[in-house]
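Next up, start35.txt (compact mmCIF, C-alpha atoms):
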```txt
# COMPACT_ATOMS: atom_id res chain seq x y z
CA MET A 335 -19.30 -19.87 -1.93
CA ASN A 336 -20.27 -17.11 0.52
CA SER A 337 -23.94 -16.15 0.68
CA THR A 338 -24.91 -12.69 -0.51
CA SER A 339 -25.37 -11.49 3.09
CA HIS A 340 -21.71 -12.25 3.72
CA GLN A 341 -20.46 -10.40 0.62
CA ILE A 342 -19.58 -6.78 -0.06
CA GLY A 343 -20.47 -4.51 -2.98
CA TRP A 344 -18.15 -2.58 -5.26
CA LYS A 345 -18.38 0.59 -3.16
CA THR A 346 -16.97 -1.15 -0.07
CA ALA A 347 -14.33 -2.77 -2.30
CA VAL A 348 -13.37 0.70 -3.63
CA ALA A 349 -13.26 1.95 -0.02
CA ILE A 350 -10.80 -0.84 0.80
CA VAL A 351 -8.60 0.05 -2.21
CA VAL A 352 -8.67 3.79 -1.41
CA SER A 353 -8.04 3.32 2.32
CA ASN A 354 -5.15 0.93 1.65
CA MET A 355 -3.57 3.33 -0.85
CA ILE A 356 -4.16 6.74 0.74
CA GLY A 357 -2.40 6.70 4.05
CA THR A 358 1.14 6.73 5.30
CA GLY A 359 2.91 7.18 1.97
CA ILE A 360 1.19 10.32 0.72
CA PHE A 361 1.77 12.17 4.01
CA THR A 362 5.38 11.09 4.65
CA THR A 363 7.35 10.21 1.50
CA LEU A 364 7.71 13.65 -0.10
CA GLY A 365 10.27 14.59 2.53
CA PHE A 366 12.44 11.59 1.61
CA GLN A 367 12.20 12.42 -2.11
CA LEU A 368 13.20 16.07 -1.60
CA THR A 369 16.55 15.14 -0.05
CA ASP A 370 17.82 14.37 -3.59
CA ILE A 371 15.13 15.48 -6.07
CA THR A 372 14.05 19.12 -5.81
CA ASN A 373 12.51 20.05 -9.17
CA ALA A 374 8.69 20.11 -9.02
CA TYR A 375 8.42 18.58 -12.50
CA SER A 376 10.52 15.63 -11.28
CA ILE A 377 8.26 15.17 -8.25
CA PHE A 378 5.12 15.26 -10.39
CA LEU A 379 6.68 12.82 -12.86
CA LEU A 380 7.51 10.43 -10.00
CA CYS A 381 3.93 10.65 -8.82
CA PHE A 382 2.56 10.12 -12.33
CA ILE A 383 4.80 7.09 -12.99
CA GLY A 384 3.70 5.61 -9.66
CA GLY A 385 0.07 6.08 -10.68
CA ILE A 386 0.59 4.49 -14.10
CA LEU A 387 2.39 1.52 -12.52
CA ALA A 388 -0.45 1.10 -10.04
CA LEU A 389 -3.09 1.40 -12.78
CA PHE A 390 -1.34 -1.09 -15.07
CA GLY A 391 -0.88 -3.38 -12.09
CA ALA A 392 -4.58 -3.01 -11.30
CA PHE A 393 -5.46 -4.00 -14.89
CA CYS A 394 -3.36 -7.16 -14.49
CA TYR A 395 -4.86 -7.98 -11.10
CA ALA A 396 -8.37 -7.39 -12.38
CA GLU A 397 -7.75 -10.08 -15.00
CA LEU A 398 -5.98 -12.36 -12.52
CA GLY A 399 -8.68 -11.90 -9.88
CA SER A 400 -11.39 -12.77 -12.40
CA HIS A 401 -9.44 -15.82 -13.55
CA PHE A 402 -8.48 -17.22 -10.14
CA LYS A 403 -11.60 -17.41 -7.97
CA GLY A 404 -11.70 -16.90 -4.20
CA ASN A 405 -9.61 -15.06 -1.61
CA GLY A 406 -5.83 -15.15 -1.62
CA GLY A 407 -4.54 -12.80 -4.33
CA ASP A 408 -0.80 -13.27 -4.93
CA PHE A 409 -0.81 -16.54 -2.97
CA ILE A 410 -3.19 -18.16 -5.45
CA TYR A 411 -1.60 -16.60 -8.55
CA LEU A 412 1.97 -17.68 -7.72
CA LYS A 413 1.08 -21.08 -6.30
CA GLU A 414 -1.07 -22.07 -9.28
CA THR A 415 1.22 -20.57 -11.94
CA TYR A 416 4.72 -21.36 -10.70
CA HIS A 417 5.30 -23.45 -7.57
CA PRO A 418 3.82 -23.80 -4.06
CA LEU A 419 7.09 -22.37 -2.67
CA LEU A 420 6.40 -18.95 -4.24
CA GLY A 421 2.81 -19.03 -3.01
CA TYR A 422 4.14 -19.82 0.47
CA LEU A 423 6.76 -17.06 0.32
CA VAL A 424 4.37 -14.34 -0.83
CA SER A 425 2.01 -15.29 2.01
CA TRP A 426 4.89 -15.27 4.49
CA ILE A 427 5.98 -11.86 3.21
CA SER A 428 2.39 -10.61 3.42
CA LEU A 429 2.17 -11.79 7.02
CA ILE A 430 5.51 -10.34 8.16
CA ILE A 431 5.93 -7.34 5.83
CA GLY A 432 3.18 -6.76 3.29
CA PHE A 433 0.32 -6.02 5.66
CA SER A 434 1.95 -5.79 9.07
CA SER A 435 4.59 -3.19 8.14
CA PRO A 436 2.08 -0.72 6.64
CA VAL A 437 0.01 -1.08 9.81
CA ALA A 438 3.11 -0.30 11.89
CA LEU A 439 4.09 2.64 9.66
CA ALA A 440 0.57 4.12 9.71
CA ALA A 441 0.45 3.90 13.51
CA LEU A 442 3.90 5.51 13.79
CA ALA A 443 2.82 8.27 11.39
CA MET A 444 -0.23 8.90 13.59
CA SER A 445 2.08 9.36 16.58
CA LYS A 446 4.30 11.72 14.60
CA TYR A 447 1.44 13.94 13.40
CA LEU A 448 -0.22 14.10 16.82
CA SER A 449 3.09 15.16 18.40
CA ALA A 450 2.29 18.63 16.99
CA PHE A 451 0.31 19.11 20.22
CA ASP A 452 3.55 19.03 22.23
CA VAL A 453 2.52 15.74 23.82
CA SER A 454 4.64 12.62 23.42
CA PHE A 455 2.63 10.12 21.38
CA GLY A 456 5.21 7.38 21.24
CA ASN A 457 5.31 3.68 20.43
CA SER A 458 2.83 2.79 23.19
CA PHE A 459 0.17 4.97 21.56
CA ALA A 460 0.87 3.47 18.12
CA ILE A 461 0.59 -0.08 19.47
CA GLY A 462 -2.60 0.75 21.38
CA ILE A 463 -4.27 2.10 18.22
CA ILE A 464 -3.40 -1.08 16.29
CA PHE A 465 -5.03 -3.32 18.89
CA LEU A 466 -8.06 -1.03 19.23
CA VAL A 467 -8.73 -1.23 15.48
CA SER A 468 -8.19 -5.01 15.61
CA VAL A 469 -10.96 -5.31 18.20
CA PHE A 470 -13.41 -3.31 16.05
CA LEU A 471 -12.72 -5.59 13.06
CA SER A 472 -13.39 -8.75 15.08
CA PHE A 473 -17.20 -8.65 15.45
CA SER A 474 -18.77 -9.27 12.04
CA LEU A 475 -18.37 -8.43 8.36
CA LYS A 476 -21.23 -5.91 8.65
CA ALA A 477 -19.64 -4.19 11.66
CA SER A 478 -16.23 -4.22 9.95
CA SER A 479 -17.73 -2.65 6.81
CA ARG A 480 -19.42 0.13 8.79
CA PHE A 481 -16.30 0.87 10.84
CA HIS A 482 -14.07 0.82 7.78
CA ASN A 483 -16.43 2.83 5.56
CA PHE A 484 -16.86 5.49 8.26
CA PHE A 485 -13.14 6.17 8.55
CA THR A 486 -12.68 5.90 4.79
CA LEU A 487 -15.40 8.56 4.37
CA ILE A 488 -13.43 10.79 6.77
CA LYS A 489 -10.32 10.08 4.70
CA ILE A 490 -11.91 10.95 1.35
CA ALA A 491 -13.75 14.02 2.66
CA PHE A 492 -10.56 15.27 4.33
CA ILE A 493 -8.48 14.80 1.17
CA ILE A 494 -11.05 16.62 -1.00
CA VAL A 495 -11.39 19.55 1.43
CA LEU A 496 -7.59 19.72 1.84
CA ILE A 497 -7.12 19.88 -1.94
CA ILE A 498 -9.76 22.63 -2.38
CA VAL A 499 -8.34 24.73 0.48
CA GLY A 500 -4.73 24.13 -0.50
CA ILE A 501 -5.28 25.18 -4.10
CA GLY A 502 -7.51 28.11 -3.15
CA ILE A 503 -5.24 29.70 -0.52
CA SER A 504 -2.40 31.84 -1.85
CA GLU A 505 1.13 30.82 -0.94
CA SER A 506 3.02 32.81 1.68
CA LYS A 507 5.54 35.15 0.02
CA THR A 508 7.59 35.36 3.20
CA ILE A 509 7.88 31.58 3.71
CA GLY A 510 8.35 30.61 0.05
CA ASN A 511 7.59 27.37 -1.76
CA SER A 512 9.17 24.29 -3.35
CA LEU A 513 7.74 24.86 -6.84
CA LYS A 514 11.05 24.87 -8.67
CA LEU A 515 9.97 24.81 -12.33
CA ASP A 516 13.08 24.95 -14.50
CA ASP A 517 14.98 22.61 -16.84
CA SER A 518 16.92 20.87 -14.04
CA TRP A 519 14.33 18.06 -14.08
CA GLN A 520 15.98 16.75 -17.28
CA LYS A 521 19.16 16.01 -15.32
CA GLU A 522 17.34 14.80 -12.19
CA ILE A 523 15.41 12.05 -13.96
CA MET A 524 18.75 10.54 -15.08
CA LEU A 525 20.08 10.33 -11.53
CA PRO A 526 20.08 7.08 -9.52
CA ALA A 527 18.26 9.11 -6.85
CA PHE A 528 15.27 9.36 -9.19
CA ALA A 529 15.01 5.56 -9.25
CA THR A 530 15.41 5.26 -5.47
CA SER A 531 12.76 7.94 -5.01
CA LEU A 532 10.42 5.72 -7.01
CA VAL A 533 10.59 3.11 -4.25
CA PHE A 534 8.98 5.65 -1.90
CA VAL A 535 6.42 6.57 -4.53
CA THR A 536 5.48 2.98 -5.35
CA TYR A 537 5.04 2.34 -1.64
CA SER A 538 2.65 5.29 -1.52
CA TYR A 539 0.54 3.48 -4.11
CA THR A 540 0.74 0.14 -2.30
CA GLY A 541 -2.79 -1.18 -1.88
CA TRP A 542 -3.95 -0.88 -5.50
CA ASN A 543 -4.24 -4.69 -5.48
CA SER A 544 -5.97 -5.00 -2.10
CA ALA A 545 -9.49 -5.81 -3.30
CA SER A 546 -8.14 -8.83 -5.23
CA TYR A 547 -7.21 -10.49 -1.94
CA ILE A 548 -10.85 -10.62 -0.87
CA ALA A 549 -12.34 -11.52 -4.26
CA GLY A 550 -14.30 -14.30 -2.53
CA GLU A 551 -16.19 -11.71 -0.47
CA ILE A 552 -17.16 -9.45 -3.42
CA LYS A 553 -20.57 -9.75 -5.10
CA ASP A 554 -20.49 -10.34 -8.87
CA VAL A 555 -16.70 -10.47 -8.75
CA GLN A 556 -16.05 -10.40 -12.51
CA LYS A 557 -17.80 -7.05 -12.78
CA ASN A 558 -17.11 -5.45 -9.39
CA LEU A 559 -13.46 -6.44 -8.84
CA PRO A 560 -12.10 -4.66 -11.95
CA LYS A 561 -14.41 -1.71 -11.25
CA SER A 562 -13.17 -1.32 -7.68
CA LEU A 563 -9.47 -1.67 -8.59
CA ILE A 564 -9.60 0.79 -11.48
CA VAL A 565 -11.90 3.41 -9.88
CA GLY A 566 -9.89 3.33 -6.66
CA THR A 567 -6.51 3.62 -8.41
CA VAL A 568 -7.50 6.49 -10.72
CA PHE A 569 -9.07 8.44 -7.83
CA VAL A 570 -5.95 8.03 -5.69
CA THR A 571 -3.56 9.00 -8.51
CA VAL A 572 -5.38 12.32 -9.07
CA CYS A 573 -5.43 12.96 -5.31
CA TYR A 574 -1.69 12.26 -5.00
CA LEU A 575 -0.76 14.69 -7.75
CA LEU A 576 -2.86 17.45 -6.17
CA VAL A 577 -1.72 16.80 -2.58
CA ASN A 578 1.94 16.88 -3.64
CA PHE A 579 1.28 20.16 -5.43
CA ILE A 580 -0.22 21.62 -2.24
CA MET A 581 2.74 20.59 -0.07
CA LEU A 582 5.23 21.99 -2.60
CA LYS A 583 3.18 25.19 -2.92
CA HIS A 584 3.03 25.94 0.80
CA ALA A 585 6.49 25.01 2.12
CA PRO A 586 10.11 25.49 0.97
CA VAL A 587 12.37 22.51 0.34
CA ASN A 588 14.48 23.07 3.47
CA GLN A 589 11.35 22.84 5.62
CA LEU A 590 10.22 19.54 4.07
CA ALA A 591 13.40 17.64 3.12
CA GLY A 592 14.08 14.60 5.30
CA LYS A 593 10.92 15.03 7.41
CA GLU A 594 8.08 12.56 7.90
CA ASP A 595 5.24 14.95 8.83
CA VAL A 596 5.47 17.00 5.62
CA MET A 597 1.76 17.73 5.37
CA GLY A 598 1.80 19.10 8.90
CA GLU A 599 4.59 21.51 7.98
CA ALA A 600 2.71 22.71 4.89
CA ALA A 601 -0.58 22.98 6.81
CA ASN A 602 0.98 25.22 9.47
CA ASN A 603 2.21 27.59 6.76
CA MET A 604 -1.10 27.41 4.92
CA LEU A 605 -3.56 27.80 7.80
CA GLY A 606 -1.56 28.97 10.79
CA ASN A 607 -0.53 27.00 13.85
CA THR A 608 -4.06 26.43 15.28
CA PHE A 609 -5.77 25.24 12.10
CA GLY A 610 -2.60 23.43 11.11
CA LYS A 611 -3.05 21.24 14.19
CA VAL A 612 -6.63 20.49 13.10
CA VAL A 613 -5.19 19.16 9.84
CA ASN A 614 -2.83 16.96 11.87
CA ILE A 615 -5.83 15.52 13.74
CA PHE A 616 -7.59 14.64 10.48
CA ILE A 617 -4.43 13.08 9.05
CA ALA A 618 -4.27 10.91 12.18
CA LEU A 619 -7.98 9.98 11.87
CA GLN A 620 -7.71 9.01 8.20
CA LEU A 621 -4.76 6.75 9.08
CA VAL A 622 -7.22 4.68 11.13
CA ALA A 623 -8.78 3.61 7.81
CA THR A 624 -5.30 2.66 6.54
CA ILE A 625 -4.71 0.45 9.58
CA SER A 626 -8.21 -1.01 9.26
CA GLY A 627 -7.80 -1.74 5.54
CA TYR A 628 -4.48 -3.54 5.92
CA LEU A 629 -5.66 -5.59 8.91
CA TRP A 630 -8.88 -6.52 7.09
CA VAL A 631 -7.27 -7.60 3.83
CA GLY A 632 -4.10 -9.03 5.39
CA SER A 633 -6.04 -11.27 7.76
CA ARG A 634 -8.03 -12.78 4.86
CA LEU A 635 -4.85 -13.57 2.96
CA THR A 636 -3.24 -15.05 6.06
CA GLN A 637 -6.34 -17.17 6.72
CA ALA A 638 -6.24 -18.56 3.16
CA PHE A 639 -2.51 -19.25 3.58
CA ALA A 640 -2.95 -20.87 7.01
CA LYS A 641 -5.64 -23.30 5.84
CA GLU A 642 -3.14 -24.97 3.53
CA ASN A 643 -0.04 -25.02 5.74
CA ARG A 644 0.27 -27.08 8.90
CA LEU A 645 2.71 -24.74 10.65
CA TRP A 646 0.18 -21.88 10.51
CA LYS A 647 -3.04 -23.90 10.82
CA SER A 648 -4.15 -22.19 14.02
CA LEU A 649 -4.36 -18.82 12.21
CA SER A 650 -7.08 -20.13 9.89
CA VAL A 651 -9.67 -20.26 12.69
CA GLY A 652 -12.49 -17.72 12.49
CA ASN A 653 -15.20 -16.72 14.94
CA LYS A 654 -18.90 -17.61 14.64
CA LYS A 655 -19.37 -14.76 12.14
CA GLY A 656 -16.56 -16.05 9.93
CA ILE A 657 -14.12 -13.28 10.86
CA PRO A 658 -10.46 -14.50 10.94
CA VAL A 659 -9.85 -13.13 14.42
CA ARG A 660 -6.62 -15.00 15.08
CA ALA A 661 -5.13 -13.76 11.82
CA ILE A 662 -6.15 -10.16 12.62
CA PHE A 663 -4.39 -10.26 15.98
CA ALA A 664 -1.38 -12.08 14.51
CA HIS A 665 -0.86 -9.07 12.21
CA ALA A 666 -1.33 -6.73 15.17
CA VAL A 667 1.36 -8.55 17.19
CA ILE A 668 3.81 -8.58 14.25
CA ALA A 669 3.18 -4.85 13.62
CA THR A 670 3.99 -4.25 17.29
CA LEU A 671 7.30 -6.13 16.97
CA ILE A 672 8.17 -4.12 13.85
CA ILE A 673 7.53 -0.86 15.72
CA LEU A 674 9.81 -1.96 18.55
CA THR A 675 12.72 -3.07 16.34
CA GLY A 676 13.25 -0.48 13.59
CA SER A 677 13.30 3.18 12.59
CA PHE A 678 10.55 4.62 10.38
CA LYS A 679 12.74 5.01 7.28
CA GLU A 680 14.46 1.63 7.68
CA ILE A 681 11.09 -0.15 7.96
CA PHE A 682 9.85 1.88 5.01
CA VAL A 683 12.70 0.97 2.64
CA TYR A 684 12.87 -2.79 3.27
CA THR A 685 9.07 -2.99 3.13
CA ALA A 686 8.89 -1.12 -0.18
CA PHE A 687 11.76 -3.15 -1.69
CA ILE A 688 10.27 -6.56 -0.90
CA LEU A 689 6.70 -5.55 -1.81
CA GLN A 690 7.91 -4.35 -5.22
CA LEU A 691 9.78 -7.62 -5.74
CA PHE A 692 6.80 -9.84 -4.98
CA ALA A 693 4.31 -7.59 -6.79
CA SER A 694 6.52 -8.06 -9.86
CA LEU A 695 6.47 -11.85 -9.47
CA ALA A 696 2.68 -11.80 -9.15
CA ILE A 697 2.25 -9.49 -12.16
CA SER A 698 4.41 -11.85 -14.26
CA THR A 699 1.74 -14.56 -13.87
CA ALA A 700 -0.52 -12.48 -16.15
CA TYR A 701 1.55 -13.73 -19.12
CA PHE A 702 0.28 -17.25 -18.46
CA ILE A 703 -3.43 -16.50 -18.86
CA LYS A 704 -4.39 -17.62 -22.34
CA LYS A 705 -6.14 -15.12 -24.58
CA GLU A 706 -9.33 -17.21 -24.71
CA ASP A 707 -9.38 -17.41 -20.90
CA ARG A 708 -9.13 -13.65 -20.35
CA LYS A 709 -12.46 -12.16 -19.31
CA ILE A 710 -11.73 -8.41 -19.47
CA PHE A 711 -8.91 -7.64 -21.93
CA LYS A 712 -9.24 -9.80 -25.05
CA SER A 713 -6.64 -7.98 -27.17
CA ASN A 714 -2.93 -8.89 -27.07
CA LEU A 715 -2.31 -5.23 -26.21
CA PHE A 716 -3.00 -6.49 -22.67
CA TYR A 717 0.67 -7.56 -22.49
CA ILE A 718 1.70 -3.88 -22.47
CA PHE A 719 0.50 -3.67 -18.85
CA PRO A 720 2.67 -6.40 -17.25
CA THR A 721 5.66 -5.53 -19.48
CA PHE A 722 5.66 -1.84 -18.50
CA PHE A 723 5.22 -2.76 -14.83
CA LEU A 724 8.07 -5.29 -14.84
CA LEU A 725 10.57 -3.07 -16.67
CA PHE A 726 10.06 -0.24 -14.18
CA SER A 727 10.21 -2.70 -11.28
CA ILE A 728 13.63 -3.99 -12.36
CA TYR A 729 14.84 -0.37 -12.64
CA ILE A 730 13.52 0.47 -9.14
CA LEU A 731 14.78 -2.71 -7.45
CA TYR A 732 18.29 -2.44 -8.90
CA PHE A 733 18.92 1.13 -7.72
CA THR A 734 17.23 0.54 -4.36
CA PHE A 735 19.53 -2.40 -3.69
CA ILE A 736 22.61 -0.42 -4.76
CA HIS A 737 21.80 2.64 -2.63
CA ASN A 738 20.09 0.93 0.31
CA PRO A 739 21.93 -2.42 0.66
CA LYS A 740 21.32 -2.82 4.40
CA GLU A 741 17.53 -2.45 4.16
CA SER A 742 17.39 -4.57 0.99
CA ILE A 743 19.35 -7.38 2.66
CA ILE A 744 17.04 -7.23 5.70
CA GLY A 745 14.12 -7.77 3.33
CA LEU A 746 15.86 -10.62 1.50
CA GLY A 747 16.78 -12.14 4.87
CA ILE A 748 13.09 -12.30 5.77
CA VAL A 749 12.48 -14.09 2.44
CA ALA A 750 15.26 -16.59 3.31
CA VAL A 751 13.58 -17.32 6.66
CA GLY A 752 10.38 -18.02 4.71
CA ILE A 753 12.20 -20.61 2.56
CA VAL A 754 13.39 -22.42 5.71
CA LEU A 755 9.87 -22.37 7.17
CA TYR A 756 8.48 -23.76 3.90
CA LEU A 757 10.84 -26.74 4.12
CA ILE A 758 9.88 -27.33 7.76
CA ASP A 759 6.19 -27.07 6.88
CA ARG A 760 6.55 -29.62 4.07
CA LYS A 761 8.37 -31.99 6.44
CA LEU A 762 5.61 -31.64 9.07
CA SER A 763 2.96 -32.27 6.42
CA ARG A 764 4.64 -35.50 5.34
```

Show how you would write the structure in this file as C-alpha cells.
Amino acid sequence: MNSTSHQIGWKTAVAIVVSNMIGTGIFTTLGFQLTDITNAYSIFLLCFIGGILALFGAFCYAELGSHFKGNGGDFIYLKETYHPLLGYLVSWISLIIGFSSPVALAALAMSKYLSAFDVSFGNSFAIGIIFLVSVFLSFSLKASSRFHNFFTLIKIAFIIVLIIVGIGISESKTIGNSLKLDDSWQKEIMLPAFATSLVFVTYSYTGWNSASYIAGEIKDVQKNLPKSLIVGTVFVTVCYLLVNFIMLKHAPVNQLAGKEDVMGEAANNMLGNTFGKVVNIFIALQLVATISGYLWVGSRLTQAFAKENRLWKSLSVGNKKGIPVRAIFAHAVIATLIILTGSFKEIFVYTAFILQLFASLAISTAYFIKKEDRKIFKSNLFYIFPTFFLLFSIYILYFTFIHNPKESIIGLGIVAVGIVLYLIDRKLSR
C-alpha cells in the first residue's frame, strides 16, 4: 500500500479525468459529424448520448474500482472476471492504442491549431511535445501533479471563458451559423451515419474511466474514486454541450464540415483573426494536459501489466521516486510511430472502434459483482447502467465496422497481434 505522501486527493483525480476527457475530441470531431449530420438537435443529441454513456460507464467503473483494489483498471477487471488472455489484450491495446493514440492525436491537433500562424508545425513538432511532456512527468509524483494540475487549470479556465464569450457574443449575420433547428433531426437519427457519428462522440468522452487506472494512488479510494469519476464526467458533459453550441452558432456547416480545427474556424468568426489566433494558442496549451493525462495514466497501467508478463518485464521498472519512467517513454515512442504511419482520421476511427470494444468488455464485468459485495449501488437498478452502455456499444460498433471496414480491421489486426504475443509470453513464462 502506498503511503499517504505518495497518494493523490480527489481534486487531482478529477483533474486527471477532466484532462483526459477534454482534449482532442471536443475540438476536432464536430467537423467529422457535420459531413453527414447537419441538424443541431441531432448534434446535441449525439453529445448528450455520449455524456450519458460516459456517466453510466463511470458509475460501473466506480463500483469496479472500489471492488478491485490497486492500479490496473480494465486489466484487473477482465483478468479476474474472465481470463488472463483478456486482461493481457486490454493491456496490450492500452499500450498500443488506448493511451498512445490519444497522445498522438492530441499532439497532431496541437500542430494543426498552431498552423493558424502560417508556420508549418508538422510531425516533428508533435513528436517533440510528446517527449517534452514525458520528461516533466518523470521526476516525482509531486512534480507530476503540479505540472498536470497547472495545465488542467489552464484547460478548465479556457473552456469556461470560451463558453461565456461564445454565448455572450452575437453571431455574425453575414457569415451565418449551423444552428439548423427543424424536424429533419427525426430522419437523421435513423440514419447509419448517426451511429457512426457516435464513434467520434464516444471518443470525445474517452477518459471518463481514467482515474480507475490509478486507484492505488488515490487516498480513501472508496470515497474519492466515485467522486472523481462522477464529478469529472458531469462537468465535461455540460462543457461539451455548450462548446458544440458555440461552434454551431459562430460558423456555417460548409466552413466546419470535414475539418479538424473546427474551434479555430468558429473563433476567427467570433473574435476576428487576431483574437482567433489567441484561442488557437490556448487550445494548443490545454492539449498539453491531455497528453500529460494519458501518459500519466497509461504508464501506470502498462507498469501493472508489465510486472506480470515476462515479455514486458523491463517496462515495470520505476525510478527512485516510484515513477514508471520506462513505461512513460514506451508510450511516447509508440505515439511517435503512430504519428508517422497514419492520417488523423484513420488513427481516430480505429482507435475509437477498439476502445469502445474493450470498454464494453470491461463494463460487462460489472454484472459479476454480487449485490452484497457492491459498495456504492446496493439496488438492482444498478444493472441499468451496464445494460444501457452495452446496447449502445453494440449499435455503435456494428455501424462503425460496416461503414469503416478498413480502420476497424486495422484495430482488430492489432488485437490479433496481441493474442500471438500472449501465447509467446505464456511459453516464455513456462

query = Between atom CA of A:Ala388 and atom CA of A:Val568, what is the distance, to one decimal in Å?
reply =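 About the pair atom CA of A:Ala388 and atom CA of A:Val568: they are 8.9 Å apart.
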
task = For each of A:Pro418, A:Lys740, A:Ile503, A:Pro560, take the minimum atom-to-atom distance to A:Phe711, counting only C-alpha atoms, then give the residue where this is smallest.
result = A:Pro560

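Taking atom CA of A:Ser677 and atom CA of A:Phe639 as endpoints, the distance between them is 28.9 Å.
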
List as a PDB file with C-alpha atoms, keeping the file's coordinate frame the protein and nucleic acid residues near A:Val570, meaning an atom at most 9 Å away when all atoms listed in the file are counted, but skip any in the same chain fewer than 5 places from it.
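Listed below is the output, selection_10.pdb:
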```pdb
ATOM      1  CA  VAL A 352      -8.670   3.790  -1.410  1.00  0.00           C
ATOM      2  CA  MET A 355      -3.570   3.330  -0.850  1.00  0.00           C
ATOM      3  CA  ILE A 356      -4.160   6.740   0.740  1.00  0.00           C
ATOM      4  CA  GLY A 385       0.070   6.080 -10.680  1.00  0.00           C
ATOM      5  CA  TYR A 539       0.540   3.480  -4.110  1.00  0.00           C
ATOM      6  CA  VAL A 565     -11.900   3.410  -9.880  1.00  0.00           C
ATOM      7  CA  LEU A 575      -0.760  14.690  -7.750  1.00  0.00           C
TER       8      LEU A 575
END
```

message = Counting all atoms listed in the file, find residues at most 9 Å from (-11.9, -13.4, -13.3) (file frame) and give them as a PyMOL selection string.
response = chain A and resi 396-403+555-557+559-560+707-710

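Here atom CA of A:Phe616 and atom CA of A:Ala443 stand 12.2 Å from one another.
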
key: Counting all atoms listed in the file, the residue of A:Val348, A:Val631, A:Ile360, A:Val612 that sits nearest A:Gly384   =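 Ranked by minimum distance to A:Gly384, first place goes to A:Ile360.
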
request  = Tell me which of A:Leu755, A:Met581, A:Val467, A:Ala438 sits closest to A:Phe663, counting only C-alpha atoms.
outcome  =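 That would be A:Val467, the residue with the smallest distance to A:Phe663.
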
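If only C-alpha atoms are the atoms counted, then among A:Ser449, A:Ser562, A:Thr358, A:Thr369 the closest residue to A:Ile342 is A:Ser562.
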
Do you know which residues lie at most 10 Å from (10.5, -5.4, -4.4), with coordinates as in the file and all atoms listed in the file counted, and could you write them as a CSV table (one decimal) with C-alpha atoms, in the coordinates of the input?
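Heads up, here's the output in part01.csv:
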```csv
chain,number,residue,atom,x,y,z
A,533,VAL,CA,10.6,3.1,-4.2
A,536,THR,CA,5.5,3.0,-5.4
A,537,TYR,CA,5.0,2.3,-1.6
A,683,VAL,CA,12.7,1.0,2.6
A,684,TYR,CA,12.9,-2.8,3.3
A,685,THR,CA,9.1,-3.0,3.1
A,686,ALA,CA,8.9,-1.1,-0.2
A,687,PHE,CA,11.8,-3.2,-1.7
A,688,ILE,CA,10.3,-6.6,-0.9
A,689,LEU,CA,6.7,-5.6,-1.8
A,690,GLN,CA,7.9,-4.4,-5.2
A,691,LEU,CA,9.8,-7.6,-5.7
A,692,PHE,CA,6.8,-9.8,-5.0
A,693,ALA,CA,4.3,-7.6,-6.8
A,694,SER,CA,6.5,-8.1,-9.9
A,695,LEU,CA,6.5,-11.8,-9.5
A,727,SER,CA,10.2,-2.7,-11.3
A,728,ILE,CA,13.6,-4.0,-12.4
A,730,ILE,CA,13.5,0.5,-9.1
A,731,LEU,CA,14.8,-2.7,-7.4
A,732,TYR,CA,18.3,-2.4,-8.9
A,734,THR,CA,17.2,0.5,-4.4
A,735,PHE,CA,19.5,-2.4,-3.7
A,742,SER,CA,17.4,-4.6,1.0
A,745,GLY,CA,14.1,-7.8,3.3
A,746,LEU,CA,15.9,-10.6,1.5
```
